[in-house]
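Q: For reference, the structure I am asking about is given below.
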2 protein chains.
Amino acid sequence: MGSFRQLEGHEMGRLSLADHAGSQRHPITLVLYNIRSMWNVGAMFRSADAAGIEKIVITGYTARPPRKEIDKVALGAQETVCWEYCEDPVEAVDRLKGEGKRVFGLEIAENSRPYTALKPGDFPAALIVGNEVDGIGDDLLAICDDVLEIPQYGTKHSLNVAVAAGVALFECVRIFRTGG
Amino acid sequence: MGSFRQLEGHEMGRLSLADHAGSQRHPITLVLYNIRSMWNVGAMFRSADAAGIEKIVITGYTARPPRKEIDKVALGAQETVCWEYCEDPVEAVDRLKGEGKRVFGLEIAENSRPYTALKPGDFPAALIVGNEVDGIGDDLLAICDDVLEIPQYGTKHSLNVAVAAGVALFECVRIFRTGG
């Protein structure tokens, strides 16, 4: 048994907005493709802020800020996380590859590899998450450099997309910072 | 560029309900304390199913199944994940310790350790997640064996509780299966 006390906000050493603007982010981009739920979009903004990633790229019919349904879940992260919109996900992937990033789909797919198997050489990385029901789709998967899968051990076939994105983003951060 | 194709449900090798009932789960218990949102409760049932953990213990004023608001997010996981209710979280923690489990709070706290620093000897483990605004609280933290913290790199002070639980559960599974 230890001596534990919750920390107050001011004790947490979080970045101020000014410091944040100039800080080094983890070289990870999160790509949202046809995300239907604004709750999920807002939660992923919040996770992107917490994981300290570079940016979010919003594609397809995914809603984008400002929308009150996103903002009330993002709790301000929609203002601090860099994001851009590119309607065509194929064009978005091409641009990310042009920036030197390795593009990974997060999906349960043939020839996928475990999400825990990334290597430091895989960064800078972009991670695509897809629609809550239809996922990423084979056309978009076909232009990914690789597909990452979160192994699942239950009776169901999927995680909530915002939970899956959080699991994968924090694992990317862990691997990037520790070398695996 | 690889050859990737999304798998259909029947190709995923998920457990049938009959096989699942007899299968070996990961020795991890998730404790919910005063979770306000039924969306969050439902999402955590879904994550608990996917991560293949032993059970959920619901405490405090957290809503419990069957509730349609939980069920529509849990997507059936409320039927496949073992769960029990114990109103008093202190009594729940005492029972879990009596079952030989190490009890961890998931919180940003003094003397916490990174959630990636668990060791195989820390299992069987119970992980407590707390209220969306107030967290676990110092009284309950005081009786935890240890506190785990997800390092955060942004301007905000927290993750959504269901995302945080998902990140921590899958890291527990990774460590348990690989030895760290």
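Each chain in the structure tokens gets a letter, A, B, ..., in the order shown, and its residues are numbered from 1; ligands are numbered from 1 in order too.
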What are the coordinates of chain A as a PDB file with C-alpha atoms, in the first residue's frame following a least-squares fit to chain B on all in-order C-alpha atoms?

A:
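Produced file out03.pdb, reproduced below:
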```pdb
ATOM      1  CA  MET A   1       2.347  -1.904 -50.370  1.00  0.00           C
ATOM      2  CA  GLY A   2       0.808  -5.249 -49.421  1.00  0.00           C
ATOM      3  CA  SER A   3      -2.242  -7.272 -50.269  1.00  0.00           C
ATOM      4  CA  PHE A   4      -4.796  -6.434 -47.634  1.00  0.00           C
ATOM      5  CA  ARG A   5      -8.439  -7.408 -47.356  1.00  0.00           C
ATOM      6  CA  GLN A   6     -10.782  -6.865 -44.432  1.00  0.00           C
ATOM      7  CA  LEU A   7     -11.783 -10.146 -42.841  1.00  0.00           C
ATOM      8  CA  GLU A   8     -15.422 -11.177 -42.575  1.00  0.00           C
ATOM      9  CA  GLY A   9     -16.743 -11.945 -39.111  1.00  0.00           C
ATOM     10  CA  HIS A  10     -16.644 -15.716 -39.665  1.00  0.00           C
ATOM     11  CA  GLU A  11     -12.950 -15.562 -40.652  1.00  0.00           C
ATOM     12  CA  MET A  12     -11.821 -13.866 -37.471  1.00  0.00           C
ATOM     13  CA  GLY A  13     -11.634 -16.970 -35.310  1.00  0.00           C
ATOM     14  CA  ARG A  14     -13.731 -15.351 -32.586  1.00  0.00           C
ATOM     15  CA  LEU A  15     -14.935 -17.644 -29.848  1.00  0.00           C
ATOM     16  CA  SER A  16     -18.465 -18.983 -29.938  1.00  0.00           C
ATOM     17  CA  LEU A  17     -20.433 -18.354 -26.759  1.00  0.00           C
ATOM     18  CA  ALA A  18     -20.073 -22.031 -25.773  1.00  0.00           C
ATOM     19  CA  ASP A  19     -16.289 -22.052 -26.278  1.00  0.00           C
ATOM     20  CA  HIS A  20     -16.031 -18.683 -24.595  1.00  0.00           C
ATOM     21  CA  ALA A  21     -17.702 -19.916 -21.413  1.00  0.00           C
ATOM     22  CA  GLY A  22     -14.937 -22.476 -20.940  1.00  0.00           C
ATOM     23  CA  SER A  23     -12.004 -20.432 -22.193  1.00  0.00           C
ATOM     24  CA  GLN A  24      -9.087 -19.106 -20.200  1.00  0.00           C
ATOM     25  CA  ARG A  25      -9.355 -15.357 -19.706  1.00  0.00           C
ATOM     26  CA  HIS A  26      -6.533 -12.952 -18.976  1.00  0.00           C
ATOM     27  CA  PRO A  27      -6.225 -12.585 -15.175  1.00  0.00           C
ATOM     28  CA  ILE A  28      -7.413  -8.979 -15.132  1.00  0.00           C
ATOM     29  CA  THR A  29     -10.478  -7.490 -13.424  1.00  0.00           C
ATOM     30  CA  LEU A  30     -11.807  -4.045 -14.333  1.00  0.00           C
ATOM     31  CA  VAL A  31     -13.458  -2.117 -11.475  1.00  0.00           C
ATOM     32  CA  LEU A  32     -15.830   0.734 -12.377  1.00  0.00           C
ATOM     33  CA  TYR A  33     -16.340   3.320  -9.633  1.00  0.00           C
ATOM     34  CA  ASN A  34     -19.047   5.981  -9.949  1.00  0.00           C
ATOM     35  CA  ILE A  35     -19.034   6.050 -13.749  1.00  0.00           C
ATOM     36  CA  ARG A  36     -21.698   8.552 -14.712  1.00  0.00           C
ATOM     37  CA  SER A  37     -22.108   7.844 -18.416  1.00  0.00           C
ATOM     38  CA  MET A  38     -23.813   4.678 -19.591  1.00  0.00           C
ATOM     39  CA  TRP A  39     -22.073   5.182 -22.932  1.00  0.00           C
ATOM     40  CA  ASN A  40     -18.764   4.762 -21.078  1.00  0.00           C
ATOM     41  CA  VAL A  41     -20.032   1.677 -19.202  1.00  0.00           C
ATOM     42  CA  GLY A  42     -21.151   0.077 -22.464  1.00  0.00           C
ATOM     43  CA  ALA A  43     -17.874   0.868 -24.229  1.00  0.00           C
ATOM     44  CA  MET A  44     -15.906  -0.666 -21.327  1.00  0.00           C
ATOM     45  CA  PHE A  45     -17.968  -3.876 -21.547  1.00  0.00           C
ATOM     46  CA  ARG A  46     -17.059  -4.036 -25.242  1.00  0.00           C
ATOM     47  CA  SER A  47     -13.353  -3.465 -24.470  1.00  0.00           C
ATOM     48  CA  ALA A  48     -13.439  -6.057 -21.660  1.00  0.00           C
ATOM     49  CA  ASP A  49     -14.814  -8.619 -24.107  1.00  0.00           C
ATOM     50  CA  ALA A  50     -12.200  -7.770 -26.747  1.00  0.00           C
ATOM     51  CA  ALA A  51      -9.329  -7.867 -24.248  1.00  0.00           C
ATOM     52  CA  GLY A  52     -10.577 -11.220 -22.918  1.00  0.00           C
ATOM     53  CA  ILE A  53     -10.440 -10.237 -19.258  1.00  0.00           C
ATOM     54  CA  GLU A  54     -11.886 -12.172 -16.339  1.00  0.00           C
ATOM     55  CA  LYS A  55     -14.610  -9.870 -15.096  1.00  0.00           C
ATOM     56  CA  ILE A  56     -15.949  -6.391 -14.446  1.00  0.00           C
ATOM     57  CA  VAL A  57     -16.849  -5.288 -10.904  1.00  0.00           C
ATOM     58  CA  ILE A  58     -19.370  -2.430 -10.865  1.00  0.00           C
ATOM     59  CA  THR A  59     -19.341  -0.202  -7.779  1.00  0.00           C
ATOM     60  CA  GLY A  60     -20.871   3.007  -6.440  1.00  0.00           C
ATOM     61  CA  TYR A  61     -23.593   4.639  -8.481  1.00  0.00           C
ATOM     62  CA  THR A  62     -22.336   3.233 -11.809  1.00  0.00           C
ATOM     63  CA  ALA A  63     -25.325   1.953 -13.814  1.00  0.00           C
ATOM     64  CA  ARG A  64     -25.412  -1.765 -14.488  1.00  0.00           C
ATOM     65  CA  PRO A  65     -26.987  -3.936 -17.180  1.00  0.00           C
ATOM     66  CA  PRO A  66     -29.636  -4.385 -18.356  1.00  0.00           C
ATOM     67  CA  ARG A  67     -30.107  -0.765 -19.433  1.00  0.00           C
ATOM     68  CA  LYS A  68     -30.801   0.050 -23.046  1.00  0.00           C
ATOM     69  CA  GLU A  69     -28.260   2.914 -23.008  1.00  0.00           C
ATOM     70  CA  ILE A  70     -25.533   0.449 -21.954  1.00  0.00           C
ATOM     71  CA  ASP A  71     -26.642  -2.328 -24.266  1.00  0.00           C
ATOM     72  CA  LYS A  72     -26.644  -0.248 -27.438  1.00  0.00           C
ATOM     73  CA  VAL A  73     -22.954   0.606 -26.956  1.00  0.00           C
ATOM     74  CA  ALA A  74     -21.869  -2.766 -25.522  1.00  0.00           C
ATOM     75  CA  LEU A  75     -23.312  -4.538 -28.602  1.00  0.00           C
ATOM     76  CA  GLY A  76     -23.833  -7.820 -26.765  1.00  0.00           C
ATOM     77  CA  ALA A  77     -20.678  -7.737 -24.601  1.00  0.00           C
ATOM     78  CA  GLN A  78     -22.898  -7.135 -21.560  1.00  0.00           C
ATOM     79  CA  GLU A  79     -24.041 -10.750 -22.060  1.00  0.00           C
ATOM     80  CA  THR A  80     -20.613 -12.329 -22.499  1.00  0.00           C
ATOM     81  CA  VAL A  81     -18.438 -10.520 -19.950  1.00  0.00           C
ATOM     82  CA  CYS A  82     -18.757 -11.788 -16.370  1.00  0.00           C
ATOM     83  CA  TRP A  83     -19.688  -8.952 -14.051  1.00  0.00           C
ATOM     84  CA  GLU A  84     -20.797  -8.419 -10.480  1.00  0.00           C
ATOM     85  CA  TYR A  85     -22.044  -5.482  -8.475  1.00  0.00           C
ATOM     86  CA  CYS A  86     -20.740  -4.352  -5.092  1.00  0.00           C
ATOM     87  CA  GLU A  87     -22.000  -0.932  -4.039  1.00  0.00           C
ATOM     88  CA  ASP A  88     -19.117  -0.185  -1.627  1.00  0.00           C
ATOM     89  CA  PRO A  89     -15.847   0.121  -3.572  1.00  0.00           C
ATOM     90  CA  VAL A  90     -13.781  -0.457  -0.415  1.00  0.00           C
ATOM     91  CA  GLU A  91     -15.521  -3.787   0.160  1.00  0.00           C
ATOM     92  CA  ALA A  92     -14.966  -4.635  -3.520  1.00  0.00           C
ATOM     93  CA  VAL A  93     -11.224  -3.904  -3.193  1.00  0.00           C
ATOM     94  CA  ASP A  94     -10.998  -5.997  -0.018  1.00  0.00           C
ATOM     95  CA  ARG A  95     -12.662  -8.927  -1.775  1.00  0.00           C
ATOM     96  CA  LEU A  96     -10.340  -8.631  -4.780  1.00  0.00           C
ATOM     97  CA  LYS A  97      -7.312  -8.571  -2.483  1.00  0.00           C
ATOM     98  CA  GLY A  98      -8.766 -11.613  -0.703  1.00  0.00           C
ATOM     99  CA  GLU A  99      -8.800 -13.366  -4.092  1.00  0.00           C
ATOM    100  CA  GLY A 100      -5.053 -12.712  -4.341  1.00  0.00           C
ATOM    101  CA  LYS A 101      -5.247  -9.881  -6.828  1.00  0.00           C
ATOM    102  CA  ARG A 102      -3.015  -6.805  -6.872  1.00  0.00           C
ATOM    103  CA  VAL A 103      -5.245  -3.749  -7.032  1.00  0.00           C
ATOM    104  CA  PHE A 104      -4.198  -0.804  -9.209  1.00  0.00           C
ATOM    105  CA  GLY A 105      -5.859   2.576  -9.510  1.00  0.00           C
ATOM    106  CA  LEU A 106      -5.696   4.199 -12.948  1.00  0.00           C
ATOM    107  CA  GLU A 107      -5.117   7.828 -12.100  1.00  0.00           C
ATOM    108  CA  ILE A 108      -2.740  10.762 -12.352  1.00  0.00           C
ATOM    109  CA  ALA A 109      -1.371  10.735  -8.803  1.00  0.00           C
ATOM    110  CA  GLU A 110       1.683  11.312  -6.685  1.00  0.00           C
ATOM    111  CA  ASN A 111       3.894   8.210  -6.577  1.00  0.00           C
ATOM    112  CA  SER A 112       2.160   6.610  -9.526  1.00  0.00           C
ATOM    113  CA  ARG A 113       4.110   4.502 -11.963  1.00  0.00           C
ATOM    114  CA  PRO A 114       3.773   4.389 -15.757  1.00  0.00           C
ATOM    115  CA  TYR A 115       1.084   1.968 -16.927  1.00  0.00           C
ATOM    116  CA  THR A 116       3.732   0.389 -19.180  1.00  0.00           C
ATOM    117  CA  ALA A 117       5.801  -0.679 -16.136  1.00  0.00           C
ATOM    118  CA  LEU A 118       3.664  -3.611 -14.965  1.00  0.00           C
ATOM    119  CA  LYS A 119       5.488  -6.909 -14.595  1.00  0.00           C
ATOM    120  CA  PRO A 120       4.184 -10.455 -15.082  1.00  0.00           C
ATOM    121  CA  GLY A 121       4.349 -10.847 -11.270  1.00  0.00           C
ATOM    122  CA  ASP A 122       1.683  -8.137 -10.914  1.00  0.00           C
ATOM    123  CA  PHE A 123      -1.003 -10.546 -12.145  1.00  0.00           C
ATOM    124  CA  PRO A 124      -3.719 -11.433 -11.270  1.00  0.00           C
ATOM    125  CA  ALA A 125      -4.501  -7.736 -11.310  1.00  0.00           C
ATOM    126  CA  ALA A 126      -7.515  -5.527 -10.738  1.00  0.00           C
ATOM    127  CA  LEU A 127      -7.661  -2.088 -12.360  1.00  0.00           C
ATOM    128  CA  ILE A 128      -9.931   0.616 -10.927  1.00  0.00           C
ATOM    129  CA  VAL A 129     -11.239   3.448 -13.114  1.00  0.00           C
ATOM    130  CA  GLY A 130     -13.176   6.284 -11.537  1.00  0.00           C
ATOM    131  CA  ASN A 131     -15.665   9.016 -12.179  1.00  0.00           C
ATOM    132  CA  GLU A 132     -15.322  11.129 -15.347  1.00  0.00           C
ATOM    133  CA  VAL A 133     -14.770  14.337 -13.358  1.00  0.00           C
ATOM    134  CA  ASP A 134     -13.599  13.354  -9.883  1.00  0.00           C
ATOM    135  CA  GLY A 135     -11.557  10.270 -10.736  1.00  0.00           C
ATOM    136  CA  ILE A 136     -10.983   7.621  -8.093  1.00  0.00           C
ATOM    137  CA  GLY A 137     -10.593   9.908  -5.081  1.00  0.00           C
ATOM    138  CA  ASP A 138      -7.876   9.825  -2.435  1.00  0.00           C
ATOM    139  CA  ASP A 139      -9.721   7.490  -0.013  1.00  0.00           C
ATOM    140  CA  LEU A 140      -9.955   4.716  -2.547  1.00  0.00           C
ATOM    141  CA  LEU A 141      -6.459   5.416  -3.917  1.00  0.00           C
ATOM    142  CA  ALA A 142      -5.096   4.956  -0.382  1.00  0.00           C
ATOM    143  CA  ILE A 143      -6.085   1.277  -0.325  1.00  0.00           C
ATOM    144  CA  CYS A 144      -4.758   0.511  -3.817  1.00  0.00           C
ATOM    145  CA  ASP A 145      -1.561  -1.539  -3.964  1.00  0.00           C
ATOM    146  CA  ASP A 146      -0.257   0.836  -6.606  1.00  0.00           C
ATOM    147  CA  VAL A 147      -1.362   3.569  -8.971  1.00  0.00           C
ATOM    148  CA  LEU A 148      -0.825   3.403 -12.722  1.00  0.00           C
ATOM    149  CA  GLU A 149      -0.655   6.514 -14.837  1.00  0.00           C
ATOM    150  CA  ILE A 150      -0.942   6.944 -18.594  1.00  0.00           C
ATOM    151  CA  PRO A 151       1.656   9.597 -19.451  1.00  0.00           C
ATOM    152  CA  GLN A 152       0.048  12.512 -21.250  1.00  0.00           C
ATOM    153  CA  TYR A 153       1.757  15.004 -23.497  1.00  0.00           C
ATOM    154  CA  GLY A 154      -0.839  17.638 -24.329  1.00  0.00           C
ATOM    155  CA  THR A 155      -2.560  20.665 -22.878  1.00  0.00           C
ATOM    156  CA  LYS A 156      -5.489  18.789 -21.323  1.00  0.00           C
ATOM    157  CA  HIS A 157      -5.564  16.763 -18.158  1.00  0.00           C
ATOM    158  CA  SER A 158      -7.321  13.584 -19.031  1.00  0.00           C
ATOM    159  CA  LEU A 159      -8.483  11.047 -21.509  1.00  0.00           C
ATOM    160  CA  ASN A 160     -12.055   9.884 -21.842  1.00  0.00           C
ATOM    161  CA  VAL A 161     -12.420   7.176 -19.178  1.00  0.00           C
ATOM    162  CA  ALA A 162     -13.418   4.444 -21.646  1.00  0.00           C
ATOM    163  CA  VAL A 163     -10.434   5.271 -23.866  1.00  0.00           C
ATOM    164  CA  ALA A 164      -8.104   5.285 -20.831  1.00  0.00           C
ATOM    165  CA  ALA A 165      -9.496   1.942 -19.657  1.00  0.00           C
ATOM    166  CA  GLY A 166      -8.995   0.482 -23.150  1.00  0.00           C
ATOM    167  CA  VAL A 167      -5.402   1.735 -23.365  1.00  0.00           C
ATOM    168  CA  ALA A 168      -4.575   0.298 -19.937  1.00  0.00           C
ATOM    169  CA  LEU A 169      -6.375  -3.038 -20.430  1.00  0.00           C
ATOM    170  CA  PHE A 170      -4.659  -3.785 -23.735  1.00  0.00           C
ATOM    171  CA  GLU A 171      -1.291  -2.826 -22.243  1.00  0.00           C
ATOM    172  CA  CYS A 172      -1.965  -5.238 -19.346  1.00  0.00           C
ATOM    173  CA  VAL A 173      -2.770  -7.948 -21.890  1.00  0.00           C
ATOM    174  CA  ARG A 174       0.405  -7.178 -23.879  1.00  0.00           C
ATOM    175  CA  ILE A 175       2.580  -7.364 -20.764  1.00  0.00           C
ATOM    176  CA  PHE A 176       0.863 -10.495 -19.438  1.00  0.00           C
ATOM    177  CA  ARG A 177       1.299 -12.312 -22.757  1.00  0.00           C
ATOM    178  CA  THR A 178       4.826 -11.166 -23.634  1.00  0.00           C
ATOM    179  CA  GLY A 179       6.348 -10.750 -20.184  1.00  0.00           C
ATOM    180  CA  GLY A 180       6.827  -7.022 -20.670  1.00  0.00           C
TER     181      GLY A 180
END
```

Q: Using backbone DSSP assignments, extract all alpha helix (DSSP H) residues from range 16-176 of chain A; output them as a PyMOL selection string.

A: chain A and resi 17-22+38-51+68-74+77-80+89-98+138-142+161-176

Q: Those same residues, written as a PDB file, in the first residue's frame with C-alpha atoms?

A:
```pdb
ATOM      1  CA  LEU A  17      -0.977  26.751 -25.109  1.00  0.00           C
ATOM      2  CA  ALA A  18       2.047  28.961 -25.882  1.00  0.00           C
ATOM      3  CA  ASP A  19       4.574  26.246 -24.978  1.00  0.00           C
ATOM      4  CA  HIS A  20       2.476  23.675 -26.777  1.00  0.00           C
ATOM      5  CA  ALA A  21       2.578  25.588 -30.059  1.00  0.00           C
ATOM      6  CA  GLY A  22       6.364  25.307 -30.118  1.00  0.00           C
ATOM      7  CA  MET A  38     -19.264  13.114 -33.644  1.00  0.00           C
ATOM      8  CA  TRP A  39     -18.805  11.656 -30.165  1.00  0.00           C
ATOM      9  CA  ASN A  40     -16.060   9.451 -31.637  1.00  0.00           C
ATOM     10  CA  VAL A  41     -14.477  12.400 -33.493  1.00  0.00           C
ATOM     11  CA  GLY A  42     -14.417  14.459 -30.298  1.00  0.00           C
ATOM     12  CA  ALA A  43     -12.957  11.614 -28.235  1.00  0.00           C
ATOM     13  CA  MET A  44     -10.201  11.099 -30.838  1.00  0.00           C
ATOM     14  CA  PHE A  45      -9.286  14.807 -30.690  1.00  0.00           C
ATOM     15  CA  ARG A  46      -8.944  14.425 -26.916  1.00  0.00           C
ATOM     16  CA  SER A  47      -6.766  11.303 -27.318  1.00  0.00           C
ATOM     17  CA  ALA A  48      -4.641  13.010 -29.999  1.00  0.00           C
ATOM     18  CA  ASP A  49      -3.969  15.877 -27.596  1.00  0.00           C
ATOM     19  CA  ALA A  50      -3.094  13.515 -24.736  1.00  0.00           C
ATOM     20  CA  ALA A  51      -0.813  11.379 -26.910  1.00  0.00           C
ATOM     21  CA  LYS A  68     -21.001  21.524 -30.740  1.00  0.00           C
ATOM     22  CA  GLU A  69     -21.358  17.713 -30.641  1.00  0.00           C
ATOM     23  CA  ILE A  70     -17.604  17.369 -31.285  1.00  0.00           C
ATOM     24  CA  ASP A  71     -16.580  20.182 -28.979  1.00  0.00           C
ATOM     25  CA  LYS A  72     -18.431  18.905 -25.923  1.00  0.00           C
ATOM     26  CA  VAL A  73     -16.499  15.615 -26.051  1.00  0.00           C
ATOM     27  CA  ALA A  74     -13.159  17.067 -27.206  1.00  0.00           C
ATOM     28  CA  ALA A  77      -8.638  19.562 -27.766  1.00  0.00           C
ATOM     29  CA  GLN A  78     -10.259  20.625 -31.050  1.00  0.00           C
ATOM     30  CA  GLU A  79      -8.457  23.955 -30.508  1.00  0.00           C
ATOM     31  CA  THR A  80      -5.031  22.562 -29.637  1.00  0.00           C
ATOM     32  CA  PRO A  89      -8.854   9.703 -48.504  1.00  0.00           C
ATOM     33  CA  VAL A  90      -6.698   8.451 -51.395  1.00  0.00           C
ATOM     34  CA  GLU A  91      -5.395  11.971 -51.997  1.00  0.00           C
ATOM     35  CA  ALA A  92      -4.790  12.316 -48.244  1.00  0.00           C
ATOM     36  CA  VAL A  93      -2.751   9.079 -48.207  1.00  0.00           C
ATOM     37  CA  ASP A  94      -0.739  10.201 -51.241  1.00  0.00           C
ATOM     38  CA  ARG A  95       0.078  13.498 -49.537  1.00  0.00           C
ATOM     39  CA  LEU A  96       1.119  11.744 -46.320  1.00  0.00           C
ATOM     40  CA  LYS A  97       3.371   9.395 -48.284  1.00  0.00           C
ATOM     41  CA  GLY A  98       4.787  12.454 -50.066  1.00  0.00           C
ATOM     42  CA  ASP A 138     -10.389  -2.791 -49.236  1.00  0.00           C
ATOM     43  CA  ASP A 139      -9.684   0.039 -51.729  1.00  0.00           C
ATOM     44  CA  LEU A 140      -8.094   2.224 -49.110  1.00  0.00           C
ATOM     45  CA  LEU A 141      -6.378  -0.735 -47.411  1.00  0.00           C
ATOM     46  CA  ALA A 142      -4.745  -1.573 -50.757  1.00  0.00           C
ATOM     47  CA  VAL A 161     -13.315   3.097 -32.964  1.00  0.00           C
ATOM     48  CA  ALA A 162     -12.265   5.806 -30.492  1.00  0.00           C
ATOM     49  CA  VAL A 163     -11.078   3.171 -28.010  1.00  0.00           C
ATOM     50  CA  ALA A 164      -9.188   1.327 -30.778  1.00  0.00           C
ATOM     51  CA  ALA A 165      -7.576   4.574 -31.938  1.00  0.00           C
ATOM     52  CA  GLY A 166      -6.543   5.369 -28.349  1.00  0.00           C
ATOM     53  CA  VAL A 167      -5.042   1.908 -27.813  1.00  0.00           C
ATOM     54  CA  ALA A 168      -3.073   2.133 -31.064  1.00  0.00           C
ATOM     55  CA  LEU A 169      -1.919   5.748 -30.611  1.00  0.00           C
ATOM     56  CA  PHE A 170      -0.562   5.163 -27.113  1.00  0.00           C
ATOM     57  CA  GLU A 171       1.182   1.988 -28.282  1.00  0.00           C
ATOM     58  CA  CYS A 172       2.787   3.997 -31.120  1.00  0.00           C
ATOM     59  CA  VAL A 173       3.943   6.554 -28.554  1.00  0.00           C
ATOM     60  CA  ARG A 174       5.324   3.809 -26.278  1.00  0.00           C
ATOM     61  CA  ILE A 175       7.264   2.211 -29.134  1.00  0.00           C
ATOM     62  CA  PHE A 176       8.518   5.543 -30.488  1.00  0.00           C
TER      63      PHE A 176
END
```

Q: Among the residues of range 105-139 of chain A, find those DSSP assigns to strand (DSSP E) from the backbone and print them as number ranges by chain.

A: A: 105-106, 113-114, 125-129
